[in-house]
Each structure stands twice: as structure tokens, then as C-alpha cells.
Amino acid sequence: MLAVDKLIKQYGDFTAVDTVSFAASKGGVFGLLGPNGAGKSTTINCISGLLPPTSGHISVDGADIVKDGKKAKRSLGIVPQELALYEDLPAIENLKYWGMAYGLRGAELDTRVAEVLDHIGLADRAKDLPKKFSGGMKRRLNFGCGIVHKPGVLLLDEPTVGVDPQSRQRLFEMVEAERDAGACVLYTTHYMEEAERLCDSLAIIDHGKLIASGTVTELKAQLSARDVLQLNGDFPDTGVGGLIDTLQGRGMHDLELISQADGALTLTLSSASQYLPEIFEGITAMGGSVSETSLRSPNLETLFLLLTGKELRE
């Protein structure tokens, strides 16, 4: 349903997206993950037709987004991170507006709008103005506007930002319902637990390049059961490299320094808990100190740190 082939987007000498390729199928949720500035939003904007690619091809349900943009966009539904609502129009009129924009009319439009209002849990607030809604209700209406025309490909750009836990759960259920109805869902998020729950497969991009892709299970298999150990304290810049070499020589063969900044070291290591005393001893020997320790078991966020050296929420 959605195919991105060797996508490049340049702004002068700057390459925001560099030869990115992936495909997403109907009846599935494909996650697009990356830290801020990775090229994620630019990729989404090229897929939606808001930005023309410098080179490469994007097809939506078999239609090229550049050469046959009208046909491709008829199959697209977009739920942007920034709310795309008319605050002074009742909820039902917002849905009718977007339904008509995609060609729905008459009884077909009325029936579909009623279905969506029920689906997003706003049937009893249909005639109320969005400016009177809570943040979670606005997010649900924003979602409804993106699906009113039953799109084959649904782009969701961080749809749960700033919502309460109850609304977040409802949004999850709506995403799963679209998937189960056969839509191809492209999902971007800053929350790894969302990706692990919803996504069948993922692509991780950083500095405009695709650095990993596959199913959640396949990506987790790359971890080799390594933990992430974050240490806060005082660490001499010149001593960390020697510390890593020393600890590797003591049997911590897969020990790797992920990042060092602002009084924090992030390391990855198998069975890290059993090596903590030796790590602390080595830090003390190099003239450093540890004030706080955080140990995380292997998960998708561990892989993200390993690949990018960054927190996803940067």
C-alpha cells in the first residue's frame, strides 16, 4: 500500500533525507522512529505530498505521489501532530468538511460522519465546539477527521502527544481498529512503549539515513541481551576510553560506550548487574565518582540508544 524507494530530500547543500527506502502493507502498523532532526517529519511531508522529493519515488496504493498526486492523495488520511480543526465549527461540521473534501456527499456523508462520531466517542458532543473540548477530545476529533473518508493509508504523526492516559488508551484502540479494518498505518511516536505495542514493523532513521528496519522481534534480536547502564556523576574526559579498554580486558567483551555528556555515561553490556562492583571500582581508580545509577533491561529503547546514542525524546 505504501512504498518509499530511495527517497532523497535536499535543501541546498543540506540533505535532510538520504536514500531512505521502506514499504508498509495493508492491515499493519509501520513505525517510523527517529530523534528530533532525524528526517522523520521531512519523510512524512514527502509521503503526504506537502514536499516534493529531490529524487526517489513514493507510491500510495500504486499511485506515484508526484506523477499522479490526486489519485495517491485520495487514498491518504493524515492525522498531523498539530491539531487540524476549526475551533468555531461544531465537531460534526468539522467531520463533514473533511468528508466533503474527499468527495463524500448526501446520505453517504451523513452515515459516515455518524459512524466516526460513535467510533471516536463524541456522538453526544457532536454539536459542541472543539474550543470547549479537552485536549484528549480534540485529539480524538483530529483522528476522526483523518479517517472520515476511509483511507487506505493512514499517516499518524505522534497522535498521542499531550493527552491523558484514558484518551491515550482510546487512541490506541482506534489505531488498532483501523489496522484491523485493513488500513496501512504509518505511525510516528516519541514513546517506545507505543511502538512496541502497536507496530508490526519499524524503520529507525537518524541524520536522514535509515539505520535499522524490520519487525519488532527482529530488531530486538540485534540486542544480544545487552542491558543499558546509565551512570551520573563526575567522570574525567581523558579517562573514560582507558576505563572501557580495561573493563573489556576483564571479561566485559561486549561493553560499549554509547554516550558521554553532561556528567553522564551511557554504557551497554550483557548481564550488567553482575559487573557493577568492577565498573564502580574502575571509575574510582580513574578519579571519577558515581552519584546515581540506572539499569534497564533489553527493549526497543535499548536498541535505539545503541544505534543512535540518543534518547528518542530528544
# chains A, B, ... in the order shown; residues from 1 in each chain; ligands from 1
>>> residues_around(residues="range 92-107 of chain A", least_positions_apart="3", cutoff="12 Å", atoms="only C-alpha atoms", output="PyMOL selection string")
chain A and resi 70-71+73-79+83-89+110-118+120+122-130+138+140-151
>>> residues_around(residues="Leu156 in chain A", least_positions_apart="6", cutoff="8 Å", atoms="only C-alpha atoms", output="JSON, numbers by chain")
{"A": [78, 79, 80, 81, 185, 186, 187, 188]}
>>> select_by_dssp(residues="range 17-128 of chain A", states="strand (DSSP E or B)", output="count of residues only")
26
>>> closest_atom_pairs(of="range 163-218 of chain A", to="range 34-57 of chain A", cutoff="9 Å", atoms="only C-alpha atoms", output="tab-separated table")
residue	atom	partner	partner_atom	distance
A:Thr188	CA	A:Lys40	CA	8.0
A:Thr189	CA	A:Gly34	CA	8.5
A:His190	CA	A:Pro35	CA	7.9
A:Ala203	CA	A:Gly34	CA	8.6
A:Ile204	CA	A:Gly34	CA	5.6
A:Ile205	CA	A:Gly34	CA	5.1
A:Asp206	CA	A:Ala38	CA	4.4
A:His207	CA	A:Ala38	CA	4.7
A:Gly208	CA	A:Gly39	CA	4.7
A:Lys209	CA	A:Ala38	CA	7.9
>>> write_last_selection(atoms="C-alpha atoms", output="short mmCIF file (atom, residue, chain, number, x, y, z; two decimals), in the first residue's frame")
data_model
loop_
_atom_site.label_atom_id
_atom_site.label_comp_id
_atom_site.auth_asym_id
_atom_site.auth_seq_id
_atom_site.Cartn_x
_atom_site.Cartn_y
_atom_site.Cartn_z
CA THR A 188 5.48 8.10 14.29
CA THR A 189 5.99 8.45 18.02
CA HIS A 190 8.41 9.58 20.74
CA ALA A 203 12.23 1.80 10.48
CA ILE A 204 14.68 3.89 12.52
CA ILE A 205 16.25 6.92 10.88
CA ASP A 206 18.97 9.25 12.13
CA HIS A 207 20.75 12.11 10.33
CA GLY A 208 18.46 11.44 7.37
CA LYS A 209 19.62 7.83 6.90
#
>>> decode(residues="range 43-79 of chain A", atoms="N, CA and C atoms", output="short mmCIF file (atom, residue, chain, number, x, y, z; two decimals), in the first residue's frame")
data_model
loop_
_atom_site.label_atom_id
_atom_site.label_comp_id
_atom_site.auth_asym_id
_atom_site.auth_seq_id
_atom_site.Cartn_x
_atom_site.Cartn_y
_atom_site.Cartn_z
N THR A 43 10.32 13.16 5.82
CA THR A 43 9.85 11.96 5.12
C THR A 43 8.33 11.94 5.07
N ILE A 44 7.68 12.22 6.20
CA ILE A 44 6.22 12.25 6.26
C ILE A 44 5.67 13.30 5.29
N ASN A 45 6.29 14.46 5.25
CA ASN A 45 5.81 15.53 4.38
C ASN A 45 5.96 15.18 2.90
N CYS A 46 7.00 14.43 2.58
CA CYS A 46 7.15 13.96 1.19
C CYS A 46 6.08 12.92 0.86
N ILE A 47 5.80 12.02 1.79
CA ILE A 47 4.77 10.99 1.56
C ILE A 47 3.41 11.63 1.35
N SER A 48 3.11 12.66 2.14
CA SER A 48 1.79 13.29 2.07
C SER A 48 1.66 14.24 0.89
N GLY A 49 2.76 14.53 0.19
CA GLY A 49 2.72 15.43 -0.95
C GLY A 49 2.93 16.88 -0.61
N LEU A 50 3.23 17.19 0.66
CA LEU A 50 3.48 18.58 1.05
C LEU A 50 4.83 19.07 0.56
N LEU A 51 5.79 18.14 0.43
CA LEU A 51 7.12 18.49 -0.08
C LEU A 51 7.44 17.61 -1.28
N PRO A 52 7.99 18.17 -2.34
CA PRO A 52 8.41 17.34 -3.47
C PRO A 52 9.76 16.69 -3.18
N PRO A 53 9.93 15.40 -3.44
CA PRO A 53 11.24 14.78 -3.26
C PRO A 53 12.26 15.37 -4.22
N THR A 54 13.51 15.42 -3.78
CA THR A 54 14.59 15.78 -4.69
C THR A 54 14.81 14.66 -5.69
N SER A 55 14.76 13.43 -5.21
CA SER A 55 14.80 12.26 -6.08
C SER A 55 14.19 11.08 -5.33
N GLY A 56 13.99 9.98 -6.04
CA GLY A 56 13.34 8.82 -5.47
C GLY A 56 11.87 8.79 -5.80
N HIS A 57 11.20 7.74 -5.33
CA HIS A 57 9.79 7.55 -5.67
C HIS A 57 8.99 7.17 -4.43
N ILE A 58 7.75 7.63 -4.37
CA ILE A 58 6.81 7.28 -3.32
C ILE A 58 5.51 6.89 -3.98
N SER A 59 4.99 5.72 -3.67
CA SER A 59 3.71 5.31 -4.22
C SER A 59 2.73 4.99 -3.09
N VAL A 60 1.50 5.42 -3.27
CA VAL A 60 0.42 5.18 -2.32
C VAL A 60 -0.67 4.41 -3.05
N ASP A 61 -0.88 3.18 -2.65
CA ASP A 61 -1.86 2.31 -3.30
C ASP A 61 -1.61 2.26 -4.81
N GLY A 62 -0.34 2.19 -5.17
CA GLY A 62 0.04 2.04 -6.58
C GLY A 62 0.16 3.33 -7.35
N ALA A 63 -0.19 4.47 -6.75
CA ALA A 63 -0.12 5.76 -7.46
C ALA A 63 1.08 6.55 -6.98
N ASP A 64 1.84 7.10 -7.93
CA ASP A 64 3.01 7.91 -7.60
C ASP A 64 2.57 9.26 -7.05
N ILE A 65 3.12 9.65 -5.89
CA ILE A 65 2.67 10.86 -5.21
C ILE A 65 3.01 12.12 -6.01
N VAL A 66 4.01 12.05 -6.90
CA VAL A 66 4.38 13.20 -7.72
C VAL A 66 3.67 13.16 -9.07
N LYS A 67 3.74 12.03 -9.74
CA LYS A 67 3.18 11.94 -11.10
C LYS A 67 1.67 11.82 -11.11
N ASP A 68 1.10 11.24 -10.06
CA ASP A 68 -0.36 11.04 -10.00
C ASP A 68 -0.85 11.41 -8.61
N GLY A 69 -0.54 12.67 -8.24
CA GLY A 69 -0.79 13.12 -6.88
C GLY A 69 -2.24 13.05 -6.44
N LYS A 70 -3.18 13.40 -7.32
CA LYS A 70 -4.60 13.40 -6.94
C LYS A 70 -5.07 12.00 -6.56
N LYS A 71 -4.68 11.02 -7.37
CA LYS A 71 -5.09 9.65 -7.08
C LYS A 71 -4.45 9.14 -5.81
N ALA A 72 -3.16 9.45 -5.63
CA ALA A 72 -2.46 9.00 -4.43
C ALA A 72 -3.08 9.61 -3.18
N LYS A 73 -3.38 10.91 -3.22
CA LYS A 73 -3.90 11.59 -2.04
C LYS A 73 -5.31 11.15 -1.69
N ARG A 74 -6.07 10.64 -2.67
CA ARG A 74 -7.41 10.13 -2.36
C ARG A 74 -7.34 8.93 -1.42
N SER A 75 -6.22 8.22 -1.45
CA SER A 75 -6.05 7.04 -0.60
C SER A 75 -5.41 7.36 0.74
N LEU A 76 -5.02 8.64 0.92
CA LEU A 76 -4.31 9.04 2.14
C LEU A 76 -5.24 9.65 3.17
N GLY A 77 -5.00 9.31 4.42
CA GLY A 77 -5.59 10.01 5.55
C GLY A 77 -4.46 10.50 6.43
N ILE A 78 -4.53 11.75 6.88
CA ILE A 78 -3.43 12.34 7.63
C ILE A 78 -3.94 12.87 8.96
N VAL A 79 -3.30 12.44 10.04
CA VAL A 79 -3.60 12.97 11.38
C VAL A 79 -2.32 13.66 11.85
#
